[in-house]
Structures are given as structure tokens and as C-alpha cells.
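For reference, my_file.txt is printed below; it contains compact mmCIF, C-alpha atoms.
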```
# COMPACT_ATOMS: atom_id res chain seq x y z
CA MET A 16 130.81 107.69 81.99
CA GLU A 17 128.24 104.95 81.97
CA GLN A 18 126.74 103.86 85.24
CA ALA A 19 126.70 100.17 85.84
CA THR A 20 123.19 98.98 86.60
CA ARG A 21 122.84 96.14 88.98
CA THR A 22 119.80 94.01 88.85
CA ARG A 23 118.99 91.83 91.74
CA PRO A 24 116.71 88.91 91.19
CA PHE A 25 113.23 89.20 92.61
CA ASP A 26 112.82 86.78 95.45
CA MET A 27 109.57 86.40 97.33
CA ASP A 28 109.24 84.20 100.38
CA VAL A 29 105.71 82.96 99.76
CA LYS A 30 105.88 80.58 102.69
CA ALA A 31 106.63 83.48 105.08
CA ILE A 32 103.87 85.61 103.53
CA ARG A 33 101.37 82.79 104.01
CA ALA A 34 102.44 82.31 107.63
CA LYS A 35 102.15 86.06 108.40
CA ALA A 36 98.73 86.22 106.72
CA ARG A 37 97.41 83.72 109.28
CA GLN A 38 98.50 85.93 112.18
CA ASP A 39 96.33 88.77 113.48
CA ILE A 40 93.61 88.16 110.90
CA GLU A 41 91.24 90.41 112.86
CA SER A 42 93.11 93.34 111.30
CA GLY A 43 91.62 92.54 107.90
CA ALA A 44 93.43 94.37 105.10
CA VAL A 45 95.92 96.01 107.48
CA THR A 46 99.00 93.79 107.65
CA ASP A 47 102.24 94.29 109.51
CA THR A 48 103.75 95.80 106.35
CA TYR A 49 101.42 98.84 106.62
CA ARG A 50 103.83 101.72 107.19
CA ALA A 51 101.63 104.78 107.76
CA ASP A 52 100.41 106.09 111.10
CA ARG A 53 96.99 104.48 110.85
CA GLN A 54 95.33 106.74 113.44
CA THR A 55 96.51 109.87 111.63
CA VAL A 56 95.40 108.50 108.28
CA LEU A 57 91.97 107.65 109.74
CA LYS A 58 91.69 111.18 111.16
CA LEU A 59 92.57 112.69 107.77
CA LEU A 60 90.12 110.42 105.97
CA ASN A 61 87.33 111.35 108.39
CA GLU A 62 88.10 115.04 107.85
CA ALA A 63 87.97 114.47 104.09
CA LEU A 64 84.68 112.62 104.58
CA ALA A 65 83.21 115.57 106.50
CA THR A 66 84.42 117.92 103.77
CA GLU A 67 82.75 115.83 101.08
CA ILE A 68 79.46 115.68 103.01
CA VAL A 69 79.45 119.46 103.47
CA CYS A 70 80.10 119.80 99.73
CA VAL A 71 77.21 117.48 98.91
CA LEU A 72 74.87 119.53 101.09
CA ARG A 73 76.05 122.85 99.66
CA TYR A 74 75.81 121.67 96.05
CA LYS A 75 72.34 120.21 96.69
CA ARG A 76 71.10 123.49 98.16
CA HIS A 77 72.58 125.43 95.28
CA TYR A 78 70.98 123.05 92.78
CA PHE A 79 67.53 123.69 94.24
CA MET A 80 68.07 127.43 94.78
CA ALA A 81 69.64 128.27 91.40
CA ARG A 82 67.51 130.96 89.76
CA GLY A 83 67.82 133.48 86.98
CA LEU A 84 68.99 133.65 83.42
CA ASN A 85 71.12 130.68 82.40
CA ALA A 86 70.55 129.01 85.78
CA GLU A 87 69.58 125.69 84.22
CA PRO A 88 73.06 124.55 83.03
CA VAL A 89 74.64 125.80 86.27
CA ALA A 90 72.04 123.97 88.36
CA ALA A 91 72.65 120.80 86.35
CA GLU A 92 76.38 121.12 87.07
CA PHE A 93 75.64 121.60 90.78
CA ALA A 94 73.57 118.40 90.75
CA GLU A 95 76.33 116.46 88.97
CA HIS A 96 78.93 117.70 91.43
CA ALA A 97 76.73 116.76 94.39
CA THR A 98 76.51 113.21 93.04
CA GLN A 99 80.27 113.00 92.53
CA GLU A 100 80.98 114.39 96.01
CA GLN A 101 78.68 111.71 97.45
CA GLU A 102 80.65 109.08 95.54
CA HIS A 103 83.83 110.47 97.09
CA ALA A 104 82.26 110.25 100.55
CA ASP A 105 81.28 106.62 99.94
CA ARG A 106 84.79 105.71 98.76
CA LEU A 107 86.32 107.42 101.80
CA CYS A 108 83.98 105.45 104.07
CA GLU A 109 85.05 102.20 102.41
CA ARG A 110 88.73 103.01 102.90
CA ILE A 111 88.21 104.01 106.54
CA VAL A 112 86.58 100.64 107.20
CA GLN A 113 89.35 98.80 105.31
CA LEU A 114 91.85 100.43 107.66
CA GLY A 115 89.91 99.22 110.69
CA GLY A 116 88.32 102.57 111.46
CA GLU A 117 84.79 103.87 111.64
CA PRO A 118 83.47 106.55 109.29
CA ASN A 119 82.26 109.54 111.27
CA LEU A 120 78.94 110.35 109.65
CA SER A 121 77.54 112.14 112.66
CA PRO A 122 76.04 115.55 111.91
CA LYS A 123 77.33 116.67 115.31
CA GLY A 124 80.55 118.58 114.69
CA LEU A 125 80.38 118.07 110.91
CA LEU A 126 81.41 121.64 110.09
CA ASP A 127 84.22 121.48 112.65
CA ARG A 128 85.65 118.36 110.98
CA SER A 129 85.19 119.72 107.45
CA HIS A 130 87.90 121.70 105.75
CA SER A 131 85.37 123.56 103.60
CA GLU A 132 82.62 125.83 104.80
CA TYR A 133 78.90 125.73 104.16
CA VAL A 134 78.00 129.07 102.62
CA GLU A 135 74.58 129.29 101.04
CA GLY A 136 75.05 132.27 98.73
CA THR A 137 72.15 134.47 97.66
CA THR A 138 72.71 134.83 93.93
CA LEU A 139 73.77 132.36 91.30
CA VAL A 140 77.15 134.09 91.02
CA ASP A 141 77.58 133.90 94.81
CA MET A 142 76.82 130.18 94.69
CA ILE A 143 79.32 129.58 91.90
CA LYS A 144 81.99 131.55 93.80
CA GLU A 145 81.35 129.67 97.05
CA ASN A 146 81.62 126.33 95.26
CA LEU A 147 84.84 127.42 93.57
CA ILE A 148 86.27 128.50 96.93
CA ALA A 149 85.27 125.16 98.49
CA GLU A 150 86.86 123.24 95.61
CA ARG A 151 90.08 125.23 96.00
CA ILE A 152 90.10 124.38 99.72
CA ALA A 153 89.54 120.70 98.89
CA ILE A 154 92.33 120.75 96.29
CA ASP A 155 94.89 122.11 98.73
CA SER A 156 93.67 119.80 101.53
CA TYR A 157 93.95 116.70 99.34
CA ARG A 158 97.39 117.75 98.10
CA GLN A 159 98.65 118.11 101.67
CA MET A 160 97.18 114.73 102.66
CA ILE A 161 98.76 113.08 99.62
CA GLU A 162 102.12 114.64 100.46
CA TYR A 163 101.86 113.51 104.09
CA ILE A 164 100.95 109.92 103.17
CA GLY A 165 103.60 109.69 100.47
CA GLU A 166 104.73 106.12 99.88
CA GLN A 167 103.55 104.86 103.27
CA ASP A 168 100.02 103.90 102.09
CA SER A 169 99.78 103.64 98.32
CA THR A 170 96.10 102.62 98.32
CA THR A 171 94.98 105.65 100.31
CA ARG A 172 97.29 107.90 98.29
CA ARG A 173 95.77 106.67 95.00
CA LEU A 174 92.25 107.18 96.34
CA LEU A 175 93.07 110.74 97.37
CA GLU A 176 94.77 111.42 94.03
CA GLU A 177 91.69 110.21 92.16
CA ILE A 178 89.41 112.42 94.26
CA LEU A 179 91.81 115.36 93.82
CA ALA A 180 91.59 115.04 90.03
CA VAL A 181 87.78 115.32 90.18
CA GLU A 182 87.97 118.28 92.57
CA GLU A 183 90.26 120.03 90.08
CA GLU A 184 87.68 119.39 87.33
CA HIS A 185 84.96 120.83 89.59
CA ALA A 186 87.03 123.98 90.21
CA ASP A 187 87.61 124.32 86.49
CA ASP A 188 83.86 123.99 85.82
CA MET A 189 83.04 126.69 88.38
CA SER A 190 85.77 128.95 87.01
CA ASP A 191 84.36 128.52 83.49
CA PHE A 192 80.89 129.61 84.68
CA LEU A 193 82.38 132.72 86.27
CA ALA A 194 84.24 133.56 83.06
CA LYS A 195 81.00 133.31 81.04
CA ARG A 196 79.05 135.81 83.15
```

For the structure just supplied, provide its representation as C-alpha cells.
Amino acid sequence: MEQATRTRPFDMDVKAIRAKARQDIESGAVTDTYRADRQTVLKLLNEALATEIVCVLRYKRHYFMARGLNAEPVAAEFAEHATQEQEHADRLCERIVQLGGEPNLSPKGLLDRSHSEYVEGTTLVDMIKENLIAERIAIDSYRQMIEYIGEQDSTTRRLLEEILAVEEEHADDMSDFLAKR
């Protein structure tokens, strides 16, 4: 049995959109069609920001402290990941501001806001493991944020999905180094 598909014509009231755009312009990019709980989204984004900053710091330390046989390619990967985590932090800051919030870049309470931990590690293998653990934490955190946001804020969801994809690559890189030892 074939289902009948109904198509309704697309109708946009441009005049109404223009009129609404002139109201409450102090809200910037946040219009009255924004459906997410903005305060919760801002809290989640600031937690993600703290997590990224902790990851930058951990990867930077590991880059400088990497020693031993075959440390050079691992250290180079740590440096690359630190740069990418900083890019994530910058993008999160931009989105927080777009939503009318303020990025919390204060070092005070940074580890409390972060989902990942800052573990220094003493050996190269320890460092790789700690970074893999942190990436796995980030992966699950981003997945839960994406699920929570759903269709309510497609821009934030896309940003988090893009960051998640890179975090998965980072975890895969760390896992590959462990497999080669």
C-alpha cells in the first residue's frame, strides 16, 4: 500500500521576520525562535571550555616532558592536539558570546568546571594513557551534550559534533601509540 505524500507549499512571512528582527536587537544572534534553555546551554559550553583548557595544558606539559625512545613522534602529536584543543576552546568562546554569555576563562575553579582531569604522568606511556582517558571523557561528555541539545539549537549542536569528531580522532591517535609499544 502506497502512502500518499502531501507537500505543502513553503510560505515565509518575510514582513513578519523583518518586524521581529527589529525587536530586542540587544539579544544579537539570539532571536525569539531560539528553543533551547540558554542558561543550561551556556553552562554546558563553559564546562566544555574548561575541559578544553585543561586538555591544552595537559597536552602542552606532555609535549615538553616527553622523553625516551620514540618520544619525538608522540611529542609532535601532543603538540598538534594541544593546538587543536585551543582551537576548540576559541570556538566555544565565540559561541558563548553569540548566545549572550561570557566565557569563563578564570583559572579559579577550572578543574572543578572541567570534565577531564589534569594528570601529569611520569612516563611516556602514562602520558599517552592519561590523554586517551581524557579524550574518552570528552567524547562521552560531548555526546551527552549533543543529545541534550538535540534539535533545539542546531548551531551549537553542529559545533559540538565537529569538536566530537576531532576528539574521536585524538583518542584513536593515542590508542594507536599504545598499540605500537

Need the axis-aligned box for segment 135-154 of chain A with 8 Å each side, so what are the centre and edges in Å to one decimal, as JSON?
```
{"center_x": 82.2, "center_y": 127.8, "center_z": 96.0, "size_x": 36.2, "size_y": 30.1, "size_z": 26.0}
```

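Nearest-residue note for Gly116 of chain A: choosing from A:Ile32, A:Met142, A:Ala44, A:Ala97, the minimum distance belongs to A:Ala44, counting only C-alpha atoms.
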
Practice task
Could you give me, as number ranges by chain, the residues within 8 Å of segment 145-158 of chain A, counting only C-alpha atoms and dropping anything in the same chain fewer than 5 positions from it?
Solution key: A: 63, 66, 70, 73-74, 130-132, 134-136, 175-176, 179, 182-183, 185-186, 189-190

Requested write-out: C-alpha atoms of the selected residues, as a PDB file, in the coordinates of the input:
```pdb
ATOM      1  CA  ALA A  63      87.970 114.470 104.090  1.00  0.00           C
ATOM      2  CA  THR A  66      84.420 117.920 103.770  1.00  0.00           C
ATOM      3  CA  CYS A  70      80.100 119.800  99.730  1.00  0.00           C
ATOM      4  CA  ARG A  73      76.050 122.850  99.660  1.00  0.00           C
ATOM      5  CA  TYR A  74      75.810 121.670  96.050  1.00  0.00           C
ATOM      6  CA  HIS A 130      87.900 121.700 105.750  1.00  0.00           C
ATOM      7  CA  SER A 131      85.370 123.560 103.600  1.00  0.00           C
ATOM      8  CA  GLU A 132      82.620 125.830 104.800  1.00  0.00           C
ATOM      9  CA  VAL A 134      78.000 129.070 102.620  1.00  0.00           C
ATOM     10  CA  GLU A 135      74.580 129.290 101.040  1.00  0.00           C
ATOM     11  CA  GLY A 136      75.050 132.270  98.730  1.00  0.00           C
ATOM     12  CA  LEU A 175      93.070 110.740  97.370  1.00  0.00           C
ATOM     13  CA  GLU A 176      94.770 111.420  94.030  1.00  0.00           C
ATOM     14  CA  LEU A 179      91.810 115.360  93.820  1.00  0.00           C
ATOM     15  CA  GLU A 182      87.970 118.280  92.570  1.00  0.00           C
ATOM     16  CA  GLU A 183      90.260 120.030  90.080  1.00  0.00           C
ATOM     17  CA  HIS A 185      84.960 120.830  89.590  1.00  0.00           C
ATOM     18  CA  ALA A 186      87.030 123.980  90.210  1.00  0.00           C
ATOM     19  CA  MET A 189      83.040 126.690  88.380  1.00  0.00           C
ATOM     20  CA  SER A 190      85.770 128.950  87.010  1.00  0.00           C
TER      21      SER A 190
END
```

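Among the candidates A:Val89, A:Lys30, A:Val69, A:Ile164, the residue lying nearest to Gln101 of chain A is A:Val69 (atoms considered: only C-alpha atoms).
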
Handout entry: Selected residue of minimal separation from Gly83 of chain A among A:Val140, A:Glu166, A:Arg23, A:Asp191, counting all atoms listed in the file
Key = A:Val140

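You will find atom CA of Val56 of chain A at 8.7 Å from atom CA of Ile111 of chain A.
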
Segment 128-152 of chain A rebuilt with N, CA, C and O atoms, output as a short mmCIF file (atom, residue, chain, number, x, y, z; two decimals), keeping the file's coordinate frame:
```
data_model
loop_
_atom_site.label_atom_id
_atom_site.label_comp_id
_atom_site.auth_asym_id
_atom_site.auth_seq_id
_atom_site.Cartn_x
_atom_site.Cartn_y
_atom_site.Cartn_z
N ARG A 128 84.76 119.35 111.60
CA ARG A 128 85.65 118.36 110.98
C ARG A 128 85.95 118.69 109.52
O ARG A 128 86.97 118.28 108.99
N SER A 129 85.06 119.40 108.88
CA SER A 129 85.19 119.72 107.45
C SER A 129 86.24 120.79 107.22
O SER A 129 86.37 121.72 108.00
N HIS A 130 86.96 120.66 106.13
CA HIS A 130 87.90 121.70 105.75
C HIS A 130 87.17 122.84 105.04
O HIS A 130 87.58 123.99 105.14
N SER A 131 86.12 122.52 104.31
CA SER A 131 85.37 123.56 103.60
C SER A 131 84.23 124.08 104.48
O SER A 131 83.86 123.46 105.47
N GLU A 132 83.71 125.21 104.06
CA GLU A 132 82.62 125.83 104.80
C GLU A 132 81.31 125.60 104.06
O GLU A 132 81.30 125.27 102.87
N TYR A 133 80.22 125.82 104.76
CA TYR A 133 78.90 125.73 104.16
C TYR A 133 78.36 127.15 104.05
O TYR A 133 77.92 127.73 105.02
N VAL A 134 78.49 127.72 102.86
CA VAL A 134 78.00 129.07 102.62
C VAL A 134 76.91 128.97 101.57
O VAL A 134 77.14 128.43 100.48
N GLU A 135 75.74 129.46 101.91
CA GLU A 135 74.58 129.29 101.04
C GLU A 135 74.64 130.14 99.79
O GLU A 135 74.30 129.68 98.71
N GLY A 136 75.05 131.38 99.89
CA GLY A 136 75.05 132.27 98.73
C GLY A 136 73.63 132.72 98.41
O GLY A 136 72.69 131.96 98.59
N THR A 137 73.50 133.95 97.95
CA THR A 137 72.15 134.47 97.66
C THR A 137 71.86 134.55 96.18
O THR A 137 70.73 134.43 95.76
N THR A 138 72.90 134.75 95.38
CA THR A 138 72.71 134.83 93.93
C THR A 138 73.43 133.65 93.28
O THR A 138 74.27 132.99 93.90
N LEU A 139 73.12 133.44 92.03
CA LEU A 139 73.77 132.36 91.30
C LEU A 139 75.28 132.58 91.25
O LEU A 139 76.05 131.64 91.46
N VAL A 140 75.71 133.80 91.05
CA VAL A 140 77.15 134.09 91.02
C VAL A 140 77.77 133.81 92.38
O VAL A 140 78.86 133.23 92.46
N ASP A 141 77.08 134.20 93.46
CA ASP A 141 77.58 133.90 94.81
C ASP A 141 77.75 132.40 95.00
O ASP A 141 78.74 131.94 95.58
N MET A 142 76.77 131.63 94.55
CA MET A 142 76.82 130.18 94.69
C MET A 142 78.00 129.59 93.94
O MET A 142 78.73 128.74 94.45
N ILE A 143 78.20 130.06 92.71
CA ILE A 143 79.32 129.58 91.90
C ILE A 143 80.64 129.90 92.61
O ILE A 143 81.52 129.05 92.73
N LYS A 144 80.77 131.14 93.10
CA LYS A 144 81.99 131.55 93.80
C LYS A 144 82.23 130.70 95.04
O LYS A 144 83.36 130.27 95.29
N GLU A 145 81.19 130.47 95.83
CA GLU A 145 81.35 129.67 97.05
C GLU A 145 81.76 128.24 96.73
O GLU A 145 82.57 127.64 97.44
N ASN A 146 81.22 127.68 95.65
CA ASN A 146 81.62 126.33 95.26
C ASN A 146 83.06 126.31 94.75
O ASN A 146 83.80 125.37 95.04
N LEU A 147 83.46 127.34 94.03
CA LEU A 147 84.84 127.42 93.57
C LEU A 147 85.79 127.54 94.76
O LEU A 147 86.82 126.86 94.81
N ILE A 148 85.45 128.37 95.73
CA ILE A 148 86.27 128.50 96.93
C ILE A 148 86.39 127.16 97.65
O ILE A 148 87.49 126.73 98.03
N ALA A 149 85.26 126.47 97.81
CA ALA A 149 85.27 125.16 98.49
C ALA A 149 86.12 124.15 97.73
O ALA A 149 86.85 123.36 98.34
N GLU A 150 86.05 124.17 96.41
CA GLU A 150 86.86 123.24 95.61
C GLU A 150 88.34 123.56 95.77
O GLU A 150 89.17 122.67 95.86
N ARG A 151 88.68 124.83 95.82
CA ARG A 151 90.08 125.23 96.00
C ARG A 151 90.59 124.78 97.37
O ARG A 151 91.73 124.33 97.50
N ILE A 152 89.73 124.87 98.38
CA ILE A 152 90.10 124.38 99.72
C ILE A 152 90.33 122.87 99.66
O ILE A 152 91.32 122.35 100.18
#
```
